[in-house]
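Undergrad: Take a look at target20.txt, compact mmCIF, N, CA and C atoms:
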# COMPACT_ATOMS: atom_id res chain seq x y z
N MET A 1 65.33 106.11 34.78
CA MET A 1 64.23 105.18 34.98
C MET A 1 64.62 103.81 34.43
N SER A 2 64.40 102.79 35.22
CA SER A 2 64.75 101.44 34.79
C SER A 2 63.78 100.97 33.70
N LYS A 3 64.18 99.90 33.04
CA LYS A 3 63.35 99.36 31.95
C LYS A 3 62.00 98.88 32.50
N ALA A 4 62.00 98.27 33.67
CA ALA A 4 60.76 97.76 34.28
C ALA A 4 59.82 98.92 34.64
N ALA A 5 60.40 100.01 35.16
CA ALA A 5 59.58 101.17 35.53
C ALA A 5 58.99 101.83 34.29
N ALA A 6 59.76 101.87 33.22
CA ALA A 6 59.26 102.45 31.96
C ALA A 6 58.13 101.59 31.41
N GLN A 7 58.25 100.28 31.55
CA GLN A 7 57.22 99.35 31.08
C GLN A 7 55.92 99.58 31.84
N LYS A 8 56.01 99.77 33.16
CA LYS A 8 54.83 99.95 34.00
C LYS A 8 54.13 101.29 33.73
N ALA A 9 54.90 102.31 33.35
CA ALA A 9 54.34 103.65 33.17
C ALA A 9 53.48 103.76 31.91
N ARG A 10 53.57 102.78 31.04
CA ARG A 10 52.81 102.82 29.81
C ARG A 10 51.42 102.21 29.97
N ALA A 11 50.47 102.73 29.20
CA ALA A 11 49.11 102.17 29.23
C ALA A 11 49.10 100.80 28.58
N GLN A 12 48.29 99.90 29.11
CA GLN A 12 48.16 98.55 28.55
C GLN A 12 46.85 98.46 27.79
N VAL A 13 46.86 97.71 26.70
CA VAL A 13 45.65 97.52 25.92
C VAL A 13 45.26 96.04 25.98
N VAL A 14 44.02 95.79 26.35
CA VAL A 14 43.50 94.42 26.43
C VAL A 14 42.39 94.31 25.39
N ARG A 15 42.46 93.25 24.57
CA ARG A 15 41.43 93.02 23.55
C ARG A 15 40.59 91.82 23.98
N LEU A 16 39.27 92.02 24.07
CA LEU A 16 38.37 90.93 24.46
C LEU A 16 37.15 90.90 23.54
N LEU A 17 36.57 89.73 23.39
CA LEU A 17 35.32 89.56 22.64
C LEU A 17 34.26 89.21 23.68
N ILE A 18 33.39 90.19 23.97
CA ILE A 18 32.43 90.03 25.06
C ILE A 18 31.00 90.10 24.51
N PRO A 19 30.11 89.19 24.94
CA PRO A 19 28.72 89.27 24.49
C PRO A 19 28.07 90.58 24.99
N ALA A 20 27.38 91.29 24.11
CA ALA A 20 26.76 92.57 24.45
C ALA A 20 25.79 92.43 25.62
N GLY A 21 25.93 93.32 26.58
CA GLY A 21 25.03 93.34 27.73
C GLY A 21 25.20 92.18 28.70
N LYS A 22 26.20 91.32 28.46
CA LYS A 22 26.36 90.15 29.33
C LYS A 22 27.76 90.06 29.93
N ALA A 23 28.44 91.19 30.09
CA ALA A 23 29.77 91.16 30.69
C ALA A 23 29.62 90.80 32.17
N ALA A 24 30.44 89.88 32.64
CA ALA A 24 30.42 89.46 34.04
C ALA A 24 31.87 89.29 34.49
N PRO A 25 32.12 89.41 35.78
CA PRO A 25 33.51 89.30 36.25
C PRO A 25 34.10 87.90 36.12
N SER A 26 33.38 86.99 35.50
CA SER A 26 33.92 85.64 35.26
C SER A 26 34.83 85.69 34.04
N PRO A 27 35.57 84.60 33.74
CA PRO A 27 36.42 84.61 32.54
C PRO A 27 35.59 84.89 31.29
N PRO A 28 36.10 85.58 30.28
CA PRO A 28 37.45 86.11 30.13
C PRO A 28 37.68 87.47 30.77
N VAL A 29 36.62 88.18 31.18
CA VAL A 29 36.77 89.55 31.67
C VAL A 29 37.53 89.64 32.99
N GLY A 30 37.09 88.87 34.00
CA GLY A 30 37.70 88.94 35.33
C GLY A 30 39.20 88.75 35.35
N PRO A 31 39.71 87.60 34.87
CA PRO A 31 41.15 87.36 34.90
C PRO A 31 41.96 88.38 34.08
N ALA A 32 41.43 88.79 32.93
CA ALA A 32 42.16 89.73 32.07
C ALA A 32 42.34 91.08 32.74
N LEU A 33 41.30 91.55 33.44
CA LEU A 33 41.39 92.85 34.09
C LEU A 33 41.98 92.75 35.50
N GLY A 34 41.64 91.69 36.21
CA GLY A 34 42.15 91.50 37.58
C GLY A 34 43.66 91.41 37.62
N ALA A 35 44.24 90.77 36.62
CA ALA A 35 45.70 90.63 36.55
C ALA A 35 46.37 91.99 36.39
N ARG A 36 45.63 92.97 35.89
CA ARG A 36 46.18 94.30 35.67
C ARG A 36 45.71 95.29 36.74
N GLY A 37 45.06 94.80 37.77
CA GLY A 37 44.68 95.63 38.91
C GLY A 37 43.42 96.46 38.71
N VAL A 38 42.58 96.11 37.74
CA VAL A 38 41.35 96.86 37.50
C VAL A 38 40.19 96.10 38.11
N LYS A 39 39.27 96.81 38.74
CA LYS A 39 38.08 96.16 39.30
C LYS A 39 37.17 95.77 38.14
N SER A 40 37.02 94.48 37.92
CA SER A 40 36.25 94.00 36.77
C SER A 40 34.77 94.36 36.89
N MET A 41 34.25 94.48 38.09
CA MET A 41 32.83 94.81 38.26
C MET A 41 32.53 96.21 37.72
N ASP A 42 33.46 97.16 37.95
CA ASP A 42 33.28 98.52 37.41
C ASP A 42 33.20 98.48 35.89
N PHE A 43 34.10 97.71 35.28
CA PHE A 43 34.10 97.60 33.82
C PHE A 43 32.80 96.96 33.34
N CYS A 44 32.38 95.88 34.00
CA CYS A 44 31.18 95.14 33.57
C CYS A 44 29.94 96.04 33.59
N LYS A 45 29.78 96.84 34.66
CA LYS A 45 28.63 97.73 34.76
C LYS A 45 28.63 98.74 33.61
N GLU A 46 29.79 99.35 33.36
CA GLU A 46 29.90 100.37 32.31
C GLU A 46 29.69 99.75 30.92
N PHE A 47 30.29 98.57 30.70
CA PHE A 47 30.16 97.89 29.41
C PHE A 47 28.70 97.52 29.14
N ASN A 48 28.04 96.92 30.13
CA ASN A 48 26.64 96.51 29.96
C ASN A 48 25.73 97.70 29.71
N ALA A 49 26.02 98.84 30.36
CA ALA A 49 25.22 100.05 30.14
C ALA A 49 25.44 100.58 28.73
N ARG A 50 26.69 100.53 28.25
CA ARG A 50 27.01 101.07 26.93
C ARG A 50 26.51 100.17 25.80
N THR A 51 26.35 98.87 26.07
CA THR A 51 25.89 97.95 25.02
C THR A 51 24.42 97.56 25.21
N ALA A 52 23.70 98.30 26.02
CA ALA A 52 22.29 97.98 26.29
C ALA A 52 21.42 98.09 25.04
N HIS A 53 21.81 98.95 24.09
CA HIS A 53 21.01 99.13 22.87
C HIS A 53 21.21 98.01 21.85
N ILE A 54 22.25 97.18 22.05
CA ILE A 54 22.54 96.08 21.13
C ILE A 54 21.79 94.84 21.62
N GLU A 55 21.42 93.98 20.69
CA GLU A 55 20.74 92.72 21.04
C GLU A 55 21.64 91.94 22.01
N PRO A 56 21.12 91.51 23.17
CA PRO A 56 21.94 90.80 24.15
C PRO A 56 22.59 89.54 23.58
N GLY A 57 23.86 89.36 23.89
CA GLY A 57 24.58 88.16 23.45
C GLY A 57 25.35 88.32 22.16
N VAL A 58 25.21 89.46 21.47
CA VAL A 58 25.96 89.68 20.23
C VAL A 58 27.44 89.87 20.58
N PRO A 59 28.35 89.07 19.98
CA PRO A 59 29.77 89.21 20.33
C PRO A 59 30.29 90.60 19.95
N THR A 60 30.85 91.32 20.92
CA THR A 60 31.32 92.68 20.70
C THR A 60 32.81 92.78 20.98
N PRO A 61 33.64 92.99 19.93
CA PRO A 61 35.07 93.19 20.17
C PRO A 61 35.28 94.47 20.97
N THR A 62 36.08 94.40 22.02
CA THR A 62 36.29 95.53 22.90
C THR A 62 37.78 95.75 23.13
N LEU A 63 38.22 97.00 23.00
CA LEU A 63 39.60 97.37 23.29
C LEU A 63 39.60 98.15 24.59
N ILE A 64 40.23 97.60 25.63
CA ILE A 64 40.26 98.25 26.93
C ILE A 64 41.67 98.81 27.13
N THR A 65 41.78 100.13 27.34
CA THR A 65 43.07 100.76 27.59
C THR A 65 43.17 101.01 29.09
N ILE A 66 44.16 100.38 29.72
CA ILE A 66 44.34 100.51 31.17
C ILE A 66 45.53 101.42 31.44
N GLN A 67 45.27 102.51 32.16
CA GLN A 67 46.33 103.48 32.49
C GLN A 67 47.14 102.97 33.68
N PRO A 68 48.36 103.51 33.86
CA PRO A 68 49.18 103.08 35.00
C PRO A 68 48.50 103.28 36.36
N ASP A 69 47.59 104.27 36.48
CA ASP A 69 46.90 104.50 37.76
C ASP A 69 45.65 103.61 37.91
N ARG A 70 45.55 102.58 37.06
CA ARG A 70 44.49 101.57 37.08
C ARG A 70 43.11 102.08 36.64
N THR A 71 43.08 103.26 36.03
CA THR A 71 41.82 103.71 35.44
C THR A 71 41.77 103.12 34.03
N PHE A 72 40.58 103.04 33.46
CA PHE A 72 40.48 102.44 32.13
C PHE A 72 39.49 103.18 31.25
N THR A 73 39.70 103.04 29.95
CA THR A 73 38.74 103.51 28.97
C THR A 73 38.56 102.34 28.00
N PHE A 74 37.43 102.28 27.33
CA PHE A 74 37.27 101.19 26.37
C PHE A 74 36.48 101.64 25.15
N ILE A 75 36.76 100.96 24.04
CA ILE A 75 36.10 101.22 22.77
C ILE A 75 35.43 99.91 22.36
N THR A 76 34.17 99.98 21.96
CA THR A 76 33.52 98.78 21.42
C THR A 76 33.47 98.92 19.91
N LYS A 77 33.63 97.80 19.22
CA LYS A 77 33.60 97.80 17.76
C LYS A 77 32.38 97.02 17.30
N THR A 78 32.18 96.97 15.99
CA THR A 78 31.05 96.20 15.46
C THR A 78 31.37 94.71 15.58
N PRO A 79 30.35 93.87 15.69
CA PRO A 79 30.59 92.42 15.79
C PRO A 79 31.40 91.90 14.60
N PRO A 80 32.06 90.75 14.76
CA PRO A 80 32.86 90.19 13.66
C PRO A 80 31.99 89.87 12.43
N SER A 81 32.62 89.94 11.26
CA SER A 81 31.91 89.63 10.00
C SER A 81 31.31 88.24 10.06
N SER A 82 32.04 87.30 10.66
CA SER A 82 31.56 85.91 10.71
C SER A 82 30.22 85.82 11.44
N TYR A 83 30.01 86.65 12.47
CA TYR A 83 28.74 86.64 13.20
C TYR A 83 27.60 87.03 12.26
N PHE A 84 27.79 88.14 11.51
CA PHE A 84 26.76 88.60 10.57
C PHE A 84 26.53 87.59 9.45
N LEU A 85 27.62 87.00 8.94
CA LEU A 85 27.50 86.03 7.84
C LEU A 85 26.72 84.80 8.27
N LYS A 86 27.04 84.28 9.46
CA LYS A 86 26.32 83.09 9.96
C LYS A 86 24.85 83.40 10.17
N LYS A 87 24.56 84.61 10.66
CA LYS A 87 23.18 85.01 10.89
C LYS A 87 22.42 85.15 9.55
N ALA A 88 23.08 85.76 8.55
CA ALA A 88 22.45 85.95 7.23
C ALA A 88 22.21 84.61 6.53
N ALA A 89 23.17 83.68 6.68
CA ALA A 89 23.04 82.38 6.03
C ALA A 89 22.20 81.41 6.85
N ASN A 90 21.85 81.84 8.07
CA ASN A 90 21.03 81.03 8.98
C ASN A 90 21.71 79.69 9.32
N ILE A 91 23.00 79.77 9.69
CA ILE A 91 23.75 78.57 10.08
C ILE A 91 24.34 78.77 11.47
N GLU A 92 24.60 77.65 12.16
CA GLU A 92 25.17 77.70 13.50
C GLU A 92 26.67 77.95 13.47
N LYS A 93 27.37 77.20 12.59
CA LYS A 93 28.82 77.35 12.50
C LYS A 93 29.28 77.09 11.07
N GLY A 94 30.50 77.54 10.78
CA GLY A 94 31.06 77.39 9.44
C GLY A 94 31.48 75.95 9.16
N THR A 95 31.99 75.73 7.96
CA THR A 95 32.41 74.40 7.55
C THR A 95 33.77 74.03 8.15
N GLY A 96 34.03 72.74 8.23
CA GLY A 96 35.34 72.27 8.67
C GLY A 96 36.31 72.22 7.50
N LYS A 97 35.77 72.24 6.28
CA LYS A 97 36.60 72.18 5.07
C LYS A 97 36.27 73.35 4.15
N PRO A 98 36.81 74.55 4.46
CA PRO A 98 36.53 75.70 3.59
C PRO A 98 37.02 75.45 2.17
N GLY A 99 36.20 75.83 1.19
CA GLY A 99 36.58 75.63 -0.20
C GLY A 99 36.12 74.30 -0.76
N HIS A 100 35.73 73.36 0.11
CA HIS A 100 35.29 72.04 -0.33
C HIS A 100 33.81 71.80 -0.03
N GLU A 101 33.35 72.36 1.10
CA GLU A 101 31.95 72.18 1.49
C GLU A 101 31.25 73.54 1.51
N VAL A 102 29.99 73.53 1.09
CA VAL A 102 29.17 74.75 1.17
C VAL A 102 28.09 74.47 2.20
N VAL A 103 28.05 75.30 3.27
CA VAL A 103 27.06 75.07 4.33
C VAL A 103 25.89 76.05 4.25
N GLY A 104 26.05 77.09 3.43
CA GLY A 104 24.97 78.05 3.30
C GLY A 104 25.22 79.02 2.16
N THR A 105 24.21 79.80 1.81
CA THR A 105 24.37 80.80 0.75
C THR A 105 23.81 82.13 1.23
N ILE A 106 24.40 83.21 0.72
CA ILE A 106 23.88 84.56 0.99
C ILE A 106 23.93 85.33 -0.32
N SER A 107 23.13 86.39 -0.40
CA SER A 107 23.11 87.20 -1.62
C SER A 107 24.13 88.33 -1.52
N LEU A 108 24.44 88.93 -2.66
CA LEU A 108 25.36 90.06 -2.70
C LEU A 108 24.81 91.23 -1.90
N LYS A 109 23.48 91.32 -1.83
CA LYS A 109 22.83 92.38 -1.04
C LYS A 109 23.23 92.24 0.44
N HIS A 110 23.22 91.00 0.95
CA HIS A 110 23.64 90.75 2.33
C HIS A 110 25.08 91.20 2.53
N VAL A 111 25.95 90.86 1.56
CA VAL A 111 27.37 91.22 1.66
C VAL A 111 27.53 92.73 1.82
N TYR A 112 26.81 93.49 0.99
CA TYR A 112 26.93 94.95 1.06
C TYR A 112 26.33 95.52 2.35
N GLU A 113 25.28 94.90 2.86
CA GLU A 113 24.71 95.36 4.14
C GLU A 113 25.71 95.13 5.27
N ILE A 114 26.37 93.97 5.27
CA ILE A 114 27.39 93.67 6.29
C ILE A 114 28.57 94.63 6.12
N ALA A 115 28.97 94.87 4.86
CA ALA A 115 30.09 95.78 4.59
C ALA A 115 29.79 97.19 5.10
N LYS A 116 28.53 97.64 4.95
CA LYS A 116 28.18 98.99 5.44
C LYS A 116 28.34 99.07 6.96
N ILE A 117 27.95 98.01 7.66
CA ILE A 117 28.08 97.97 9.12
C ILE A 117 29.56 97.97 9.50
N LYS A 118 30.35 97.11 8.83
CA LYS A 118 31.78 96.99 9.15
C LYS A 118 32.55 98.26 8.78
N ALA A 119 32.12 98.97 7.75
CA ALA A 119 32.82 100.18 7.30
C ALA A 119 32.75 101.29 8.36
N SER A 120 31.79 101.19 9.29
CA SER A 120 31.69 102.21 10.33
C SER A 120 32.76 102.04 11.41
N ASP A 121 33.46 100.90 11.42
CA ASP A 121 34.55 100.70 12.37
C ASP A 121 35.68 101.67 12.09
N GLU A 122 36.31 102.14 13.15
CA GLU A 122 37.36 103.15 13.04
C GLU A 122 38.51 102.73 12.12
N HIS A 123 38.93 101.48 12.19
CA HIS A 123 40.07 101.03 11.39
C HIS A 123 39.73 100.76 9.93
N MET A 124 38.45 100.87 9.57
CA MET A 124 38.05 100.63 8.18
C MET A 124 37.44 101.85 7.51
N ASN A 125 37.34 102.97 8.22
CA ASN A 125 36.63 104.12 7.64
C ASN A 125 37.36 104.79 6.49
N HIS A 126 38.62 104.45 6.26
CA HIS A 126 39.35 105.03 5.13
C HIS A 126 39.22 104.17 3.87
N LEU A 127 38.64 102.98 4.00
CA LEU A 127 38.52 102.06 2.85
C LEU A 127 37.21 102.28 2.10
N PRO A 128 37.25 102.13 0.77
CA PRO A 128 35.99 102.21 0.03
C PRO A 128 35.10 101.01 0.35
N LEU A 129 33.80 101.19 0.23
CA LEU A 129 32.83 100.14 0.57
C LEU A 129 33.10 98.85 -0.21
N GLU A 130 33.54 98.99 -1.46
CA GLU A 130 33.83 97.82 -2.29
C GLU A 130 34.93 96.95 -1.68
N SER A 131 35.96 97.58 -1.13
CA SER A 131 37.06 96.83 -0.50
C SER A 131 36.57 96.10 0.75
N VAL A 132 35.74 96.76 1.54
CA VAL A 132 35.19 96.12 2.74
C VAL A 132 34.31 94.95 2.32
N ALA A 133 33.53 95.12 1.25
CA ALA A 133 32.67 94.04 0.75
C ALA A 133 33.52 92.84 0.31
N ARG A 134 34.68 93.11 -0.31
CA ARG A 134 35.57 92.02 -0.73
C ARG A 134 36.08 91.24 0.49
N MET A 135 36.37 91.96 1.57
CA MET A 135 36.81 91.29 2.81
C MET A 135 35.70 90.40 3.35
N VAL A 136 34.46 90.89 3.28
CA VAL A 136 33.31 90.12 3.76
C VAL A 136 33.14 88.85 2.91
N VAL A 137 33.33 88.97 1.59
CA VAL A 137 33.24 87.81 0.70
C VAL A 137 34.33 86.80 1.07
N GLY A 138 35.54 87.28 1.38
CA GLY A 138 36.63 86.39 1.81
C GLY A 138 36.28 85.65 3.09
N SER A 139 35.66 86.36 4.04
CA SER A 139 35.23 85.72 5.29
C SER A 139 34.15 84.68 5.01
N ALA A 140 33.26 84.99 4.09
CA ALA A 140 32.18 84.05 3.73
C ALA A 140 32.78 82.77 3.16
N LYS A 141 33.77 82.90 2.27
CA LYS A 141 34.41 81.72 1.68
C LYS A 141 35.06 80.86 2.75
N SER A 142 35.72 81.49 3.72
CA SER A 142 36.39 80.71 4.75
C SER A 142 35.40 80.02 5.71
N LEU A 143 34.16 80.51 5.74
CA LEU A 143 33.12 79.86 6.54
C LEU A 143 32.36 78.80 5.76
N GLY A 144 32.63 78.73 4.45
CA GLY A 144 31.90 77.77 3.61
C GLY A 144 30.56 78.30 3.17
N ILE A 145 30.44 79.63 3.10
CA ILE A 145 29.20 80.25 2.66
C ILE A 145 29.39 80.75 1.23
N GLN A 146 28.47 80.35 0.36
CA GLN A 146 28.56 80.76 -1.04
C GLN A 146 27.81 82.07 -1.24
N VAL A 147 28.45 83.00 -1.98
CA VAL A 147 27.81 84.28 -2.26
C VAL A 147 27.21 84.20 -3.67
N ILE A 148 25.90 84.38 -3.76
CA ILE A 148 25.24 84.34 -5.07
C ILE A 148 24.77 85.74 -5.45
N PRO A 149 24.93 86.12 -6.72
CA PRO A 149 24.56 87.48 -7.14
C PRO A 149 23.06 87.74 -7.04
Rewrite the structure of this file - the entire thing - as structure tokens.
TA:
Amino acid sequence: MSKAAAQKARAQVVRLLIPAGKAAPSPPVGPALGARGVKSMDFCKEFNARTAHIEPGVPTPTLITIQPDRTFTFITKTPPSSYFLKKAANIEKGTGKPGHEVVGTISLKHVYEIAKIKASDEHMNHLPLESVARMVVGSAKSLGIQVIP
């Protein structure tokens, strides 16, 4: 088997950040899947049905595994920490100068609530809640959000 044939025989993984319940065949979904020979409308229908229980528009990280026969499976993860932090601090966007400007504050209780949500993600389920909370605090600092006890 040639190197090109071996490359094609392997499943491809596409990572996208799609608003819950609002997947459409327009960019970024259409071009990412169309280039790999997958009908984006099929994915959009399935994704929107699977994320119907989530508040519409919440950014949902999605891992799409495309098989060589153009069938696909996908996993949705919890929204990014930054989304929860901005919502908790009631701000539109983070600071342009992290570490120098404070654009909002959140309590330690918020940090642990976000950490509990993030800990349910497959890649974080082996970490203690305290470690996940520390990651959330790091994300808060980079957004210019101050964590108060």
Undergrad: Write out, as a tab-separated table, each residue of range 10-53 of chain A that has an atom at most 7 Å from range 59-67 of chain A, together with the closest pair of atoms and their distance in Å to one decimal, counting only N, CA and C atoms, rows going by chain and rising number.
TA:
residue	atom	partner	partner_atom	distance
A:Arg10	C	A:Gln67	C	5.7
A:Ala11	CA	A:Ile66	C	4.3
A:Gln12	C	A:Ile66	N	3.8
A:Val13	CA	A:Ile64	C	4.4
A:Val14	N	A:Ile64	C	3.9
A:Arg15	CA	A:Thr62	C	4.6
A:Leu16	C	A:Thr62	N	4.0
A:Leu17	CA	A:Pro61	CA	4.4
A:Ile18	C	A:Thr60	N	3.8
A:Pro19	CA	A:Pro59	CA	4.3
A:Ala20	N	A:Thr60	N	4.7
Undergrad: Taking only N, CA and C atoms into account, which of A:Pro68, A:Ile54, A:Thr78, A:Leu143 comes nearest Asp121 in chain A?
TA: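 For Asp121 in chain A, the nearest of the candidates is A:Thr78.
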Undergrad: Quick one: everything within 12 Å of Val132 in chain A, counting only C-alpha atoms, minus sequence neighbours fewer than 4 positions away in the same chain. Send it as a PyMOL selection string.
TA: chain A and resi 81+111-121+123-128+136-139
Undergrad: Output N, CA and C atoms for every residue in that selection, as an mmCIF file, in the coordinates of the input.
TA:
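Result file is selection10.cif:
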data_model
loop_
_atom_site.group_PDB
_atom_site.id
_atom_site.type_symbol
_atom_site.label_atom_id
_atom_site.label_comp_id
_atom_site.auth_asym_id
_atom_site.auth_seq_id
_atom_site.Cartn_x
_atom_site.Cartn_y
_atom_site.Cartn_z
ATOM 1 N N SER A 81 32.620 89.940 11.260
ATOM 2 C CA SER A 81 31.910 89.630 10.000
ATOM 3 C C SER A 81 31.310 88.240 10.060
ATOM 4 N N VAL A 111 25.950 90.860 1.560
ATOM 5 C CA VAL A 111 27.370 91.220 1.660
ATOM 6 C C VAL A 111 27.530 92.730 1.820
ATOM 7 N N TYR A 112 26.810 93.490 0.990
ATOM 8 C CA TYR A 112 26.930 94.950 1.060
ATOM 9 C C TYR A 112 26.330 95.520 2.350
ATOM 10 N N GLU A 113 25.280 94.900 2.860
ATOM 11 C CA GLU A 113 24.710 95.360 4.140
ATOM 12 C C GLU A 113 25.710 95.130 5.270
ATOM 13 N N ILE A 114 26.370 93.970 5.270
ATOM 14 C CA ILE A 114 27.390 93.670 6.290
ATOM 15 C C ILE A 114 28.570 94.630 6.120
ATOM 16 N N ALA A 115 28.970 94.870 4.860
ATOM 17 C CA ALA A 115 30.090 95.780 4.590
ATOM 18 C C ALA A 115 29.790 97.190 5.100
ATOM 19 N N LYS A 116 28.530 97.640 4.950
ATOM 20 C CA LYS A 116 28.180 98.990 5.440
ATOM 21 C C LYS A 116 28.340 99.070 6.960
ATOM 22 N N ILE A 117 27.950 98.010 7.660
ATOM 23 C CA ILE A 117 28.080 97.970 9.120
ATOM 24 C C ILE A 117 29.560 97.970 9.500
ATOM 25 N N LYS A 118 30.350 97.110 8.830
ATOM 26 C CA LYS A 118 31.780 96.990 9.150
ATOM 27 C C LYS A 118 32.550 98.260 8.780
ATOM 28 N N ALA A 119 32.120 98.970 7.750
ATOM 29 C CA ALA A 119 32.820 100.180 7.300
ATOM 30 C C ALA A 119 32.750 101.290 8.360
ATOM 31 N N SER A 120 31.790 101.190 9.290
ATOM 32 C CA SER A 120 31.690 102.210 10.330
ATOM 33 C C SER A 120 32.760 102.040 11.410
ATOM 34 N N ASP A 121 33.460 100.900 11.420
ATOM 35 C CA ASP A 121 34.550 100.700 12.370
ATOM 36 C C ASP A 121 35.680 101.670 12.090
ATOM 37 N N HIS A 123 38.930 101.480 12.190
ATOM 38 C CA HIS A 123 40.070 101.030 11.390
ATOM 39 C C HIS A 123 39.730 100.760 9.930
ATOM 40 N N MET A 124 38.450 100.870 9.570
ATOM 41 C CA MET A 124 38.050 100.630 8.180
ATOM 42 C C MET A 124 37.440 101.850 7.510
ATOM 43 N N ASN A 125 37.340 102.970 8.220
ATOM 44 C CA ASN A 125 36.630 104.120 7.640
ATOM 45 C C ASN A 125 37.360 104.790 6.490
ATOM 46 N N HIS A 126 38.620 104.450 6.260
ATOM 47 C CA HIS A 126 39.350 105.030 5.130
ATOM 48 C C HIS A 126 39.220 104.170 3.870
ATOM 49 N N LEU A 127 38.640 102.980 4.000
ATOM 50 C CA LEU A 127 38.520 102.060 2.850
ATOM 51 C C LEU A 127 37.210 102.280 2.100
ATOM 52 N N PRO A 128 37.250 102.130 0.770
ATOM 53 C CA PRO A 128 35.990 102.210 0.030
ATOM 54 C C PRO A 128 35.100 101.010 0.350
ATOM 55 N N VAL A 136 34.460 90.890 3.280
ATOM 56 C CA VAL A 136 33.310 90.120 3.760
ATOM 57 C C VAL A 136 33.140 88.850 2.910
ATOM 58 N N VAL A 137 33.330 88.970 1.590
ATOM 59 C CA VAL A 137 33.240 87.810 0.700
ATOM 60 C C VAL A 137 34.330 86.800 1.070
ATOM 61 N N GLY A 138 35.540 87.280 1.380
ATOM 62 C CA GLY A 138 36.630 86.390 1.810
ATOM 63 C C GLY A 138 36.280 85.650 3.090
ATOM 64 N N SER A 139 35.660 86.360 4.040
ATOM 65 C CA SER A 139 35.230 85.720 5.290
ATOM 66 C C SER A 139 34.150 84.680 5.010
#
Undergrad: Enter the distance from CA of Ser131 in chain A to CA of Val147 in chain A, in Å, rounded to one decimal.
TA: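 Separation between CA of Ser131 in chain A and CA of Val147 in chain A: 15.7 Å.
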Undergrad: Separation of atom N of Lys86 in chain A and CA of Lys22 in chain A, in Å?
TA: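 Atom-to-atom, atom N of Lys86 in chain A to CA of Lys22 in chain A, that is 20.7 Å.
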Undergrad: For CA of Thr73 in chain A and CA of Ala35 in chain A, quote the distance in Å rounded to one decimal.
TA: 16.5 Å
